[in-house]
Every structure is written in C-alpha cells, then in structure tokens.
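Engineer: What follows is the file model.cif, containing mmCIF, C-alpha atoms:
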```
data_data
#
loop_
_atom_site.label_atom_id
_atom_site.label_comp_id
_atom_site.auth_asym_id
_atom_site.auth_seq_id
_atom_site.Cartn_x
_atom_site.Cartn_y
_atom_site.Cartn_z
CA MET A 33 13.03 20.93 -17.45
CA SER A 34 10.29 20.86 -20.07
CA ASN A 35 12.70 19.00 -22.37
CA ALA A 36 13.01 16.27 -19.78
CA LEU A 37 9.25 16.02 -19.52
CA ILE A 38 8.88 15.78 -23.29
CA ILE A 39 11.52 13.03 -23.38
CA ALA A 40 9.72 11.24 -20.55
CA VAL A 41 6.42 11.41 -22.39
CA MET A 42 7.92 10.18 -25.63
CA ALA A 43 9.77 7.38 -23.92
CA VAL A 44 6.63 5.90 -22.44
CA GLY A 45 4.98 6.00 -25.81
CA GLU A 46 2.13 8.41 -25.23
CA ASP A 47 1.62 11.65 -27.06
CA GLU A 48 -0.14 15.01 -26.93
CA GLY A 49 2.70 16.58 -24.99
CA ARG A 50 1.04 16.24 -21.59
CA LEU A 51 2.12 14.21 -18.64
CA PRO A 52 0.76 10.73 -19.43
CA SER A 53 -2.31 9.78 -17.52
CA LEU A 54 -0.99 6.73 -15.70
CA ALA A 55 -4.19 5.83 -13.94
CA PRO A 56 -5.58 2.55 -15.31
CA ASP A 57 -8.86 2.16 -17.16
CA THR A 58 -11.48 1.16 -14.67
CA ILE A 59 -13.61 -0.74 -17.14
CA ALA A 60 -13.77 -4.39 -16.13
CA GLY A 61 -14.96 -7.41 -18.05
CA THR A 62 -14.37 -6.25 -21.59
CA GLN A 63 -10.97 -4.68 -21.37
CA LEU A 64 -7.79 -6.38 -20.26
CA THR A 65 -5.69 -4.26 -17.94
CA TRP A 66 -2.21 -4.77 -16.60
CA THR A 67 -3.74 -5.48 -13.20
CA ALA A 68 -5.41 -8.68 -14.33
CA ILE A 69 -2.22 -9.94 -15.97
CA THR A 70 0.13 -9.20 -13.08
CA ALA A 71 -2.26 -10.31 -10.35
CA SER A 72 -2.89 -13.60 -12.18
CA VAL A 73 0.82 -14.23 -12.61
CA VAL A 74 1.54 -13.50 -8.94
CA VAL A 75 -1.30 -15.65 -7.63
CA VAL A 76 -0.44 -18.58 -9.90
CA LEU A 77 3.20 -18.45 -8.87
CA ILE A 78 2.34 -18.29 -5.16
CA LEU A 79 -0.03 -21.26 -5.52
CA LEU A 80 2.58 -23.26 -7.43
CA PHE A 81 5.16 -22.50 -4.75
CA ALA A 82 2.76 -23.55 -2.00
CA LEU A 83 1.89 -26.76 -3.86
CA ILE A 84 5.53 -27.68 -4.39
CA ILE A 85 6.36 -27.04 -0.74
CA ARG A 86 3.38 -29.07 0.44
CA VAL A 87 3.93 -32.04 -1.83
CA PHE A 88 7.70 -32.34 -1.84
CA CYS A 89 9.20 -30.52 1.11
CA ILE A 90 6.91 -30.94 4.10
CA PRO A 91 7.03 -34.77 4.25
CA ARG A 92 10.79 -34.55 4.14
CA TRP A 93 10.87 -31.89 6.82
CA ARG A 94 8.76 -33.96 9.15
CA LYS A 95 11.44 -36.64 9.24
CA LYS A 96 14.40 -34.30 9.69
CA ARG A 97 15.60 -33.22 13.10
CA THR A 98 17.19 -29.90 12.17
CA ALA A 99 15.55 -27.21 10.10
CA GLY A 100 17.06 -25.71 6.96
CA VAL A 101 16.88 -22.13 5.73
CA LEU A 102 13.60 -22.33 3.83
CA GLN A 103 11.81 -24.05 6.66
CA THR A 104 13.03 -21.47 9.17
CA VAL A 105 11.97 -18.56 6.98
CA LEU A 106 8.53 -19.99 6.33
CA GLU A 107 8.03 -20.84 9.98
CA SER A 108 9.04 -17.36 11.08
CA VAL A 109 6.64 -15.71 8.63
CA VAL A 110 3.72 -17.92 9.57
CA GLY A 111 4.62 -17.58 13.25
CA MET A 112 4.65 -13.80 13.03
CA PHE A 113 1.18 -13.66 11.50
CA ASP A 114 -0.12 -16.18 13.97
CA LYS A 115 1.40 -14.54 17.06
CA GLU A 116 0.30 -11.04 16.11
CA GLY A 117 -3.13 -12.44 15.33
CA HIS A 118 -3.47 -14.13 18.68
CA ASP A 119 -2.25 -11.02 20.47
CA ALA A 120 -4.72 -8.75 18.72
CA VAL A 121 -7.75 -10.83 17.87
CA GLY A 122 -7.68 -13.80 20.22
CA HIS A 123 -9.13 -17.09 19.08
CA ASN A 124 -10.41 -15.66 15.77
CA ALA A 125 -6.83 -15.65 14.53
CA LYS A 126 -7.29 -19.16 13.20
CA TYR A 127 -9.64 -17.71 10.58
CA LEU A 128 -7.90 -14.42 10.01
CA ALA A 129 -4.22 -15.29 9.87
CA PRO A 130 -4.46 -17.44 6.70
CA TRP A 131 -6.45 -14.71 4.95
CA TYR A 132 -3.90 -12.07 5.84
CA ILE A 133 -0.97 -14.24 4.84
CA GLY A 134 -2.62 -14.52 1.41
CA CYS A 135 -3.32 -10.80 1.13
CA CYS A 136 0.15 -9.84 2.27
CA GLY A 137 1.64 -12.33 -0.18
CA LEU A 138 -0.21 -10.59 -2.97
CA ILE A 139 0.92 -7.17 -1.74
CA PHE A 140 4.56 -8.12 -1.25
CA PHE A 141 5.19 -10.19 -4.35
CA GLY A 142 2.89 -8.01 -6.42
CA THR A 143 4.95 -4.93 -5.62
CA LEU A 144 8.16 -6.83 -6.32
CA THR A 145 6.99 -7.48 -9.90
CA GLU A 146 7.74 -3.82 -10.56
CA LEU A 147 11.40 -4.74 -10.48
CA PHE A 148 10.77 -6.97 -13.48
CA GLY A 149 9.00 -4.31 -15.51
CA MET A 150 5.42 -5.38 -14.89
CA ARG A 151 2.88 -3.07 -13.37
CA PRO A 152 2.06 -4.07 -9.78
CA PRO A 153 -1.61 -4.88 -9.11
CA LEU A 154 -1.70 -2.38 -6.26
CA THR A 155 -1.44 0.52 -8.69
CA ASP A 156 -5.08 -0.19 -9.46
CA LEU A 157 -7.47 1.37 -7.02
CA ASN A 158 -9.89 -1.53 -7.50
CA VAL A 159 -7.44 -4.00 -5.94
CA THR A 160 -6.60 -1.84 -2.94
CA LEU A 161 -10.24 -1.01 -2.38
CA ALA A 162 -11.03 -4.73 -2.36
CA LEU A 163 -8.38 -5.29 0.30
CA GLY A 164 -9.69 -2.39 2.38
CA VAL A 165 -13.29 -3.53 2.08
CA SER A 166 -12.27 -7.05 3.13
CA THR A 167 -10.81 -5.64 6.35
CA PHE A 168 -14.00 -3.63 6.89
CA ILE A 169 -16.21 -6.69 6.36
CA PHE A 170 -14.14 -8.73 8.79
CA MET A 171 -14.34 -5.89 11.33
CA ILE A 172 -18.12 -5.84 11.26
CA PHE A 173 -18.54 -9.62 11.01
CA PHE A 174 -16.25 -10.55 13.86
CA GLY A 175 -17.50 -7.64 15.95
CA ILE A 176 -21.06 -8.88 15.70
CA LYS A 177 -19.99 -12.51 16.12
CA GLU A 178 -18.12 -11.80 19.36
CA LYS A 179 -20.34 -9.21 20.96
CA LYS A 180 -23.71 -10.00 19.41
CA TRP A 181 -26.07 -7.16 20.32
CA ARG A 182 -23.59 -5.27 22.52
CA PHE A 183 -21.75 -4.40 19.30
CA PHE A 184 -24.24 -1.63 18.61
CA SER A 185 -23.56 0.04 21.95
CA ARG A 186 -20.62 1.69 20.17
CA TYR A 187 -23.09 4.04 18.56
CA SER A 188 -25.09 4.86 21.69
CA LYS A 189 -23.19 7.99 22.71
CA GLY A 190 -23.43 10.11 19.59
CA LEU A 191 -23.95 8.61 16.17
CA PHE A 192 -21.64 10.79 14.14
CA ILE A 193 -18.09 10.12 15.27
CA PRO A 194 -18.17 6.29 15.54
CA ILE A 195 -19.86 5.94 12.16
CA ILE A 196 -17.36 8.24 10.47
CA SER A 197 -14.38 6.54 12.05
CA ASP A 198 -15.70 3.11 11.06
CA ALA A 199 -16.72 4.08 7.55
CA ILE A 200 -13.35 5.67 6.78
CA VAL A 201 -11.45 2.43 7.42
CA PRO A 202 -11.78 0.82 3.96
CA PHE A 203 -10.94 4.04 2.18
CA SER A 204 -7.97 4.88 4.35
CA MET A 205 -6.48 1.41 3.94
CA ALA A 206 -7.13 1.47 0.20
CA LEU A 207 -5.57 4.89 -0.31
CA ARG A 208 -2.61 4.08 1.92
CA LEU A 209 -1.66 1.08 -0.22
CA PHE A 210 -2.48 2.81 -3.49
CA CYS A 211 -0.55 6.00 -2.78
CA SER A 212 2.58 4.23 -1.60
CA VAL A 213 2.85 1.84 -4.50
CA PHE A 214 1.58 4.19 -7.20
CA SER A 215 3.92 7.01 -6.25
CA GLY A 216 6.86 4.61 -6.40
CA PHE A 217 5.66 3.43 -9.80
CA VAL A 218 5.35 7.00 -11.09
CA ILE A 219 8.81 7.98 -9.84
CA MET A 220 10.42 4.94 -11.49
CA HIS A 221 8.50 5.63 -14.72
CA LEU A 222 9.65 9.24 -14.80
CA LEU A 223 13.21 8.26 -13.95
CA TYR A 224 13.41 5.76 -16.79
CA GLY A 225 11.79 8.26 -19.11
CA VAL A 226 14.23 11.01 -18.25
CA MET A 227 17.35 8.86 -18.38
CA GLY A 228 16.32 7.07 -21.56
CA ASP A 229 19.24 5.14 -22.96
CA TRP A 230 21.59 5.99 -20.08
CA ALA A 231 19.47 4.37 -17.38
CA VAL A 232 22.26 2.48 -15.62
CA GLY A 233 22.83 2.34 -11.88
CA VAL A 234 20.59 5.15 -10.63
CA PRO A 235 17.31 3.26 -11.17
CA ALA A 236 18.66 0.43 -9.04
CA LEU A 237 19.23 2.79 -6.13
CA ALA A 238 15.87 4.47 -6.65
CA ALA A 239 14.12 1.10 -6.84
CA VAL A 240 15.29 0.19 -3.34
CA VAL A 241 13.71 3.31 -1.89
CA THR A 242 10.58 3.45 -3.99
CA THR A 243 9.76 -0.21 -4.52
CA LEU A 244 11.40 -2.49 -1.98
CA PHE A 245 10.85 -0.23 1.01
CA HIS A 246 7.18 0.21 0.17
CA ALA A 247 6.69 -3.49 -0.50
CA ILE A 248 8.02 -4.48 2.92
CA MET A 249 6.52 -1.65 4.93
CA GLN A 250 3.07 -1.71 3.35
CA THR A 251 2.80 -5.45 3.94
CA TYR A 252 3.66 -5.03 7.60
CA VAL A 253 1.49 -1.94 8.04
CA PHE A 254 -1.50 -3.60 6.36
CA MET A 255 -1.25 -6.63 8.61
CA MET A 256 -0.78 -4.66 11.85
CA LEU A 257 -3.53 -2.16 11.10
CA SER A 258 -6.04 -4.82 10.04
CA TYR A 259 -5.41 -6.80 13.19
CA ALA A 260 -5.63 -3.63 15.27
CA PHE A 261 -8.96 -2.58 13.74
CA ILE A 262 -10.50 -6.03 14.05
CA GLY A 263 -9.18 -6.40 17.58
CA GLU A 264 -10.68 -3.07 18.54
CA MET A 265 -14.07 -4.20 17.32
CA THR A 266 -13.99 -7.58 19.06
CA GLU A 267 -12.74 -6.32 22.38
CA MET B 53 -16.95 46.19 -28.40
CA LEU B 54 -18.22 42.63 -28.72
CA ILE B 55 -14.79 41.48 -29.84
CA ALA B 56 -13.25 43.15 -26.82
CA ILE B 57 -15.60 41.32 -24.46
CA GLN B 58 -15.02 38.01 -26.21
CA SER B 59 -11.25 38.37 -26.07
CA LEU B 60 -11.46 39.40 -22.41
CA LEU B 61 -13.54 36.30 -21.61
CA SER B 62 -11.17 34.00 -23.47
CA ALA B 63 -8.21 35.56 -21.66
CA VAL B 64 -9.92 35.05 -18.31
CA SER B 65 -10.79 31.44 -19.12
CA LEU B 66 -7.23 30.77 -20.26
CA LEU B 67 -5.98 32.25 -17.01
CA LEU B 68 -8.35 30.15 -14.93
CA GLU B 69 -7.42 26.99 -16.81
CA SER B 70 -3.69 27.46 -16.34
CA PHE B 71 -3.59 27.10 -12.57
CA GLY B 72 -2.86 23.37 -12.76
CA PRO B 73 0.87 23.56 -12.15
CA ILE B 74 0.35 26.14 -9.39
CA GLY B 75 -2.00 23.73 -7.64
CA ALA B 76 0.51 20.95 -8.06
CA GLY B 77 3.14 23.11 -6.42
CA ILE B 78 0.89 23.98 -3.51
CA ALA B 79 0.01 20.32 -3.03
CA MET B 80 3.68 19.46 -2.47
CA PHE B 81 3.70 21.40 0.79
CA THR B 82 2.65 18.24 2.60
CA GLY B 83 6.30 17.23 2.40
CA VAL B 84 7.16 19.87 4.98
CA GLY B 85 5.14 18.19 7.72
CA ALA B 86 6.49 14.78 6.81
CA GLY B 87 10.07 16.03 6.88
CA ILE B 88 9.66 17.64 10.28
CA GLY B 89 7.96 14.53 11.64
CA ILE B 90 10.63 12.17 10.35
CA GLY B 91 13.38 14.39 11.75
CA ILE B 92 11.85 14.50 15.21
CA MET B 93 11.19 10.75 15.12
CA THR B 94 14.74 9.90 14.15
CA GLY B 95 16.12 12.21 16.82
CA LYS B 96 14.10 10.55 19.54
CA ALA B 97 15.09 7.12 18.26
CA VAL B 98 18.78 8.01 18.32
CA GLU B 99 18.40 9.38 21.85
CA ALA B 100 16.71 6.18 22.97
CA ILE B 101 19.46 4.04 21.41
CA GLY B 102 22.07 6.16 23.13
CA ARG B 103 20.37 5.65 26.45
CA GLN B 104 19.95 1.87 26.06
CA PRO B 105 21.98 0.28 23.25
CA GLU B 106 20.70 -3.24 23.98
CA ALA B 107 17.21 -2.33 22.78
CA SER B 108 18.39 -0.98 19.44
CA GLY B 109 16.67 -3.77 17.47
CA LYS B 110 13.23 -2.95 18.86
CA ILE B 111 13.85 0.78 18.54
CA ARG B 112 14.86 0.36 14.92
CA ALA B 113 11.73 -1.68 14.19
CA ALA B 114 9.50 0.98 15.76
CA LEU B 115 11.35 3.71 13.85
CA LEU B 116 10.80 2.02 10.49
CA PHE B 117 7.17 1.42 11.32
CA GLY B 118 6.60 5.10 12.08
CA LEU B 119 8.63 6.08 9.02
CA ALA B 120 6.13 4.31 6.76
CA PHE B 121 3.25 6.37 8.09
CA ALA B 122 5.10 9.67 7.90
CA GLU B 123 6.32 9.02 4.39
CA MET B 124 2.82 8.05 3.33
CA THR B 125 1.55 11.53 4.18
CA ALA B 126 4.11 13.11 1.89
CA LEU B 127 3.28 10.63 -0.86
CA PHE B 128 -0.42 11.50 -0.63
CA GLY B 129 0.53 15.07 -1.51
CA PHE B 130 2.82 13.89 -4.32
CA LEU B 131 0.06 11.81 -5.84
CA ILE B 132 -2.44 14.68 -5.70
CA ALA B 133 0.15 16.96 -7.28
CA ILE B 134 0.60 14.53 -10.19
CA ILE B 135 -3.16 14.23 -10.65
CA ILE B 136 -3.69 18.00 -10.55
CA TYR B 137 -0.81 18.60 -12.94
CA SER B 138 -2.01 16.22 -15.59
CA ALA B 139 -5.67 17.20 -15.56
#
```
Using structure tokens, write down the structure from this file.
Structural biologist:
Amino acid sequence: MSNALIIAVMAVGEDEGRLPSLAPDTIAGTQLTWTAITASVVVVLILLFALIIRVFCIPRWRKKRTAGVLQTVLESVVGMFDKEGHDAVGHNAKYLAPWYIGCCGLIFFGTLTELFGMRPPLTDLNVTLALGVSTFIFMIFFGIKEKKWRFFSRYSKGLFIPIISDAIVPFSMALRLFCSVFSGFVIMHLLYGVMGDWAVGVPALAAVVTTLFHAIMQTYVFMMLSYAFIGEMTE
Amino acid sequence: MLIAIQSLLSAVSLLLESFGPIGAGIAMFTGVGAGIGIGIMTGKAVEAIGRQPEASGKIRAALLFGLAFAEMTALFGFLIAIIIYSA
C-alpha cells in the first residue's frame, strides 16, 4: 500500500514522500491560483452562452409556435428556480432567483470542469465561503426588509440558540459544498496517481460517482437550502 | 543519565508525533453512521414504491435528495482524515 502512495505522490509531481497537501494557497492578489483561472473560464463561457442565446435565439423563438429542445431545457431550469423561489420566499423571488441561477451555474459547470482536468473553483474554501456568506447576507437583509423591527423578536426568548443557529449558516453551507467537491477531487487525484499509465475505464466510472453526482446534488441542495433559510427568516 | 533522559524524551516525542494515521483511521468512523442512514432510507423508499408505484418519481427525487445529505456526513469524515494524515 505504501508503494501505491509513493507512486501517487510522484505522479502528481510533489516530493518529500508525504501525501501532497492539496489545499490551495490562500494568498490572494499576488499569487495566481487554479481557482482564479477555472472560475474565470467558467464565468466567461456562461456569459458568452447567455449572450449568444439572447442575441440569436430568443428573437427566433418568439416567432416560432413550437419549442425546441434547448428552449424547453432552459425554460424548465428557469421555471424550477422561479417556482421554488415563489413557494419559499414569496415576492422576493424576483430578486433572488436570478442570483441563485448564477450561483448554481457556477457550482454546476465549475464542478464539471474537473472532467476536463481543471481544478474546480469549489475546491477553494474562499469561493464556497463567499457563496455561504451571500446566503447569510440575503437572510438578514430580506428578513429585516420584510419584518422591519419584528425581525429581532427572534432573539427575545433566549439569545444563545437563535444566534448560534443563524451564525452557523454560512459556515455549514460553505463546508457542505467544499467537502463534497474536494473529496471527489482528492479521490480522482489519488485514483489517477495509483493507476498511472493504466488509467483506462475505471476513472470514468469513478468520475460519475465523485464528480457528476456531486455537481448535480450540490447545486440542487444549495438552491433548496438557501431558499429554505431565507424563507424561514421572511416568514 | 542525561543521555538516557534525552533519548527517552525523543522517543516520547516521536511516539506522540506518529499518531497521525491513527487519527485518520478514527476519523473514518463517520462512514458507519452514513451507511446505516442510507440503508434505512433506501429501505423505506423501496417500501413506499412497493405500496404506491405511481409515485415512484417523487419518491426517487426525495431519496436522492436525502442521499446527498447522508453522503456529505461521510465525506466530512473523509476530508478530516486526509487533513489529519498529511499534517
């Protein structure tokens, strides 16, 4: 077993005989990390796709009577976010649904870049913490906007439990996303390291379980939980 | 005498530093809870499908949704095991 670990370490190009420290450098500004590269690529591609659809496809779709495949898929995605938003959050869904479509686009397509060999942006704790903190900020903002001063009646009976359960939200959402995607990344890394030159077939099966499953489920879970938390605060 | 104490201290420090893999092994016990939870969940889902096969789409969606949460608990332990092992 130690031979396999040594081969894994050598295959990923790091030395000293220990398991490679796969956590990214958290220095920002001066050092380029994989996160910046992959996140930029994903965001630019999503924006290009949206621009092409808006400029070329939507005027044509307005004139057609029957919908094609792409239009049906896009409508079902947007409709799902909108319907779940209206069920959970009410009339604030017109602000929140576009934000969560963007975030879930980054999560889904960002995790799919692992299939192409890039490192998904969600393996960086900074990115997932940003997503979690955004949900927390929306919770507080829309809670105060809807309920004004009655919002603080949550903390009237005992200060400890409501504050803990509210303050844990950004960290739990961040660690949920991070652990799912990072563990899949580590397993694929180790698998490729162990198999080396004979990595044919088995990584494809492992990628379905570790990458695709987590991409789909974490997108859905992030959306449902964010709507549930914000809906609980604005109720 | 001094050499004996020094060698004893270095042996003790080496012993205390080598518990990384043991900690990683203990951290993997979170998989037990996840496995039990997923088994119970799947059993209940199969029972529900057997009772009402028309609702199998909704039951499958709820099953996958719960599966993500249960698997996440096991992956938390896996991640901590990796971190403890390599540091």
Engineer: I'd like the contact shell of B:Val84 - 12 Å cut-off, only C-alpha atoms, skipping same-chain residues fewer than 2 positions apart - returned as a list in words.
Structural biologist: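 That gives Ile78, Ala79, Met80, Phe81, Thr82, Ala86, Gly87, Ile88, Gly89, Ile90, Gly91, Ala122, Glu123, Thr125, Ala126, Leu127, Gly129 and Phe130 of chain B.
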Engineer: At what distance in Å, to one decimal, does atom CA of A:Val241 lie from atom CA of A:Gly216?
Structural biologist: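 Interatomic distance here is 8.3 Å.
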Engineer: Using the chain letters and numbers from the file, which residues does the PyMOL selection byres ((chain A and resi 122) around 12) grab, as a ChimeraX atom specification?
Structural biologist: /A:114-121,123-129,174,178,259-260,262-267
Engineer: A:Ile200, A:Val213, A:Leu223, A:Ala231: which is nearest chain B, counting all atoms listed in the file?
Structural biologist: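 Answer, going by the shortest atom-to-atom distance: A:Val213.
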Engineer: Identify all chain B residues at most 8 Å from chain A by counting all atoms listed in the file; ligands do not count. Present them as a list in words.
Structural biologist: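 Here they are: Leu116, Phe117, Ala120, Met124, Leu127, Phe128, Phe130, Leu131, Tyr137 and Ser138 of chain B.
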Engineer: What is the atom CA of A:Gly164-atom CA of A:Met205 distance in Å, reported with one decimal?
Structural biologist: 5.2 Å
Engineer: Written as a PyMOL selection string, which residues does the PyMOL selection byres ((chain A and resi 243) around 12) give for the file shown?
Structural biologist: chain A and resi 139-149+151-152+154-155+212-221+235-242+244-250
Engineer: Can you work out which one of B:Ala63, B:Ile136, B:Arg103, B:Arg112 has the shortest atom-to-atom distance to B:Gly75, counting all atoms listed in the file?
Structural biologist: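 Of the candidates, the smallest distance to B:Gly75 is held by B:Ile136.
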Engineer: Which residue gives the smallest distance to B:Ile132 among B:Phe71, B:Ile111, B:Gly77, B:Glu106, with only C-alpha atoms counted?
Structural biologist: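 With only C-alpha atoms as the atom set, the closest residue is B:Gly77.
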Engineer: (-1.1, -8.1, -13.0) in this file's frame - what residues fall within 8 Å of it? Use only C-alpha atoms and give the answer as an NGL selection string.
Structural biologist: :A and (65-74 or 142 or 150-153)
Engineer: So the first atom is atom CA of A:Ile85 and the second is atom CA of A:Pro130; what is the distance between them in Å, to one decimal place?
Structural biologist: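 Between these atoms lies a distance of 16.3 Å.
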Engineer: Determine the residue set returned by the PyMOL selection byres ((chain A and resi 167) around 12) for the present structure, and present it as a PyMOL selection string.
Structural biologist: chain A and resi 128+131-132+135+160-166+168-175+198-206+254-263+265
Engineer: Can you tell me, as lines of an AutoDock Vina configuration file, the centre and edge lengths (Å, one decimal) of the axis-aligned box enclosing all of stretch 166-182 of chain A's listed atoms after padding each side by 3 Å?
Structural biologist:
```
center_x = -18.4
center_y = -8.1
center_z = 12.8
size_x = 21.3
size_y = 14.9
size_z = 25.4
```
